[in-house]
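Q: Quick one: structure below, then a few questions.
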Amino acid sequence: MLGTVLGLVSTALLAYLVVAMRPGHRADAQPAAAASVTTPRTGATTATRSSAPSPAASTASATPAGSPTPTPAAATATTKPSSTRTPQPPRTASGTTSLAGRIRPGTTYRGVATSYQAGNGDGACLFGPSTDLMIAAMNTTDYETSKACGAYVRVRAANGASVTVRITNECPLPCAPGQLDLSEQAFAKLAAPELGRIPITWSLVSPDTSDTVSLRYKTGSSRYWCGVQAIGHRNPVARLEVRTAGGWRRLPRTDYDYFISADGGGCGGTIRLTDIYGEQLTVGGMALRPNVVQPTRVQFARH
């Protein structure tokens, strides 16, 4: 009887061990569960790599939809047009549009032409007398606190005639935006003087010239206060800076085309000019001599 019981127990134990050793037992459940967790991660990584043909696309996919934070891709898109519009070197990375103000290269403006007696050619820009009376006064709006001073514009009449003039003066109200008040000599190149007023178009030009830029300190300038202006520049001047102990200092511009250092900082030192295209000219060693036109050896590039 005892032998029979032991035999049955041995048989049952052997059967249990056989079942426990089968592949479907729960002992295999943990590795199977681990595989189910890691598989989606591998799939996500693969999807990210395959859907990212460029860093810009990768950045965009990583940014939540509707996020107000600019992405690097957006920043790159903004700077590319700017670097394209402003050649390098010697021009800086400044945007031509912001430097130019109202009168911009490659833009045609419409208005009317009138005429005035220019006398010796001096005007609001205080350039002084001129032997060339192909000059004009710019309406106050486009004069823009003397930003137009020294600009060359080509004026065209409806009859096909044209003339290039230099802006030396301001035409106050009622001169309207787009209007040019030409010297009588310049107006006569377009139409009969008795007409008095004609429709025109005009645009900025960068003329051929053998002249170089000159600089002049205003009457009364000293080490404690000074005004300085540029004369004879091919392209409109956007900025004038002086070098001080703290670095370059941009001077404010007056409506009579002088740049003022109210505390004398930089007066008699190195001067840097920037035109509307971003090109910079640096002039050093100019004596602080009020009301004396001092030629330099530099000129802005033609455009």
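All residue names refer to the structure tokens as shown: chains lettered A, B, ... in order, residues numbered from 1 in each chain, ligands numbered from 1 in order.
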Determine which residues of segment 106-253 of chain A receive a DSSP assignment of helix (DSSP H, G or I), computed from the backbone, and state them as a count of residues only.
A: 11
Q: Identify, on the basis of only C-alpha atoms, every residue whose closest approach to Arg102 of chain A does not exceed 9 Å; exclude the query and any residue fewer than 6 positions from it along the same chain; express the result as number ranges by chain.
A: A: 141-144, 147-148
Q: Write the selection just made, keeping C-alpha atoms, as a CSV table (one decimal), in the first residue's frame?
A:
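Saved as selection_8.csv:
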chain,number,residue,atom,x,y,z
A,141,THR,CA,8.2,114.4,-46.0
A,142,ASP,CA,10.9,112.8,-48.3
A,143,TYR,CA,13.6,115.2,-47.0
A,144,GLU,CA,13.2,113.3,-43.7
A,147,LYS,CA,18.4,112.1,-44.9
A,148,ALA,CA,17.9,113.2,-48.5
Q: Can you pull out every residue within 10 Å of Gly121 of chain A, counting only C-alpha atoms, but drop anything in the same chain fewer than 6 positions away, and send it as a VMD selection string?
A: chain A and resid 127 to 136 168 to 169 183
Q: Find, counting only C-alpha atoms, the residue in A:Gly178, A:Gly106, A:Pro207, A:Gly266 that gets nearest to Arg250 of chain A.
A: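 Checking each of A:Gly178, A:Gly106, A:Pro207, A:Gly266 against Arg250 of chain A, counting only C-alpha atoms, the winner is A:Gly266.
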Q: Which is closer to Thr209 of chain A than all the others in A:Arg154, A:His233, A:Arg289, A:Arg249, using only C-alpha atoms?
A: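 Closest to Thr209 of chain A of all the choices is A:His233.
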Q: Which residues, written as a PyMOL selection string, have at least one atom at most 8 Å from segment 111-116 of chain A, with only C-alpha atoms counted and residues fewer than 2 positions away on the same chain left out?
A: chain A and resi 109+118+176-184+187+196-201
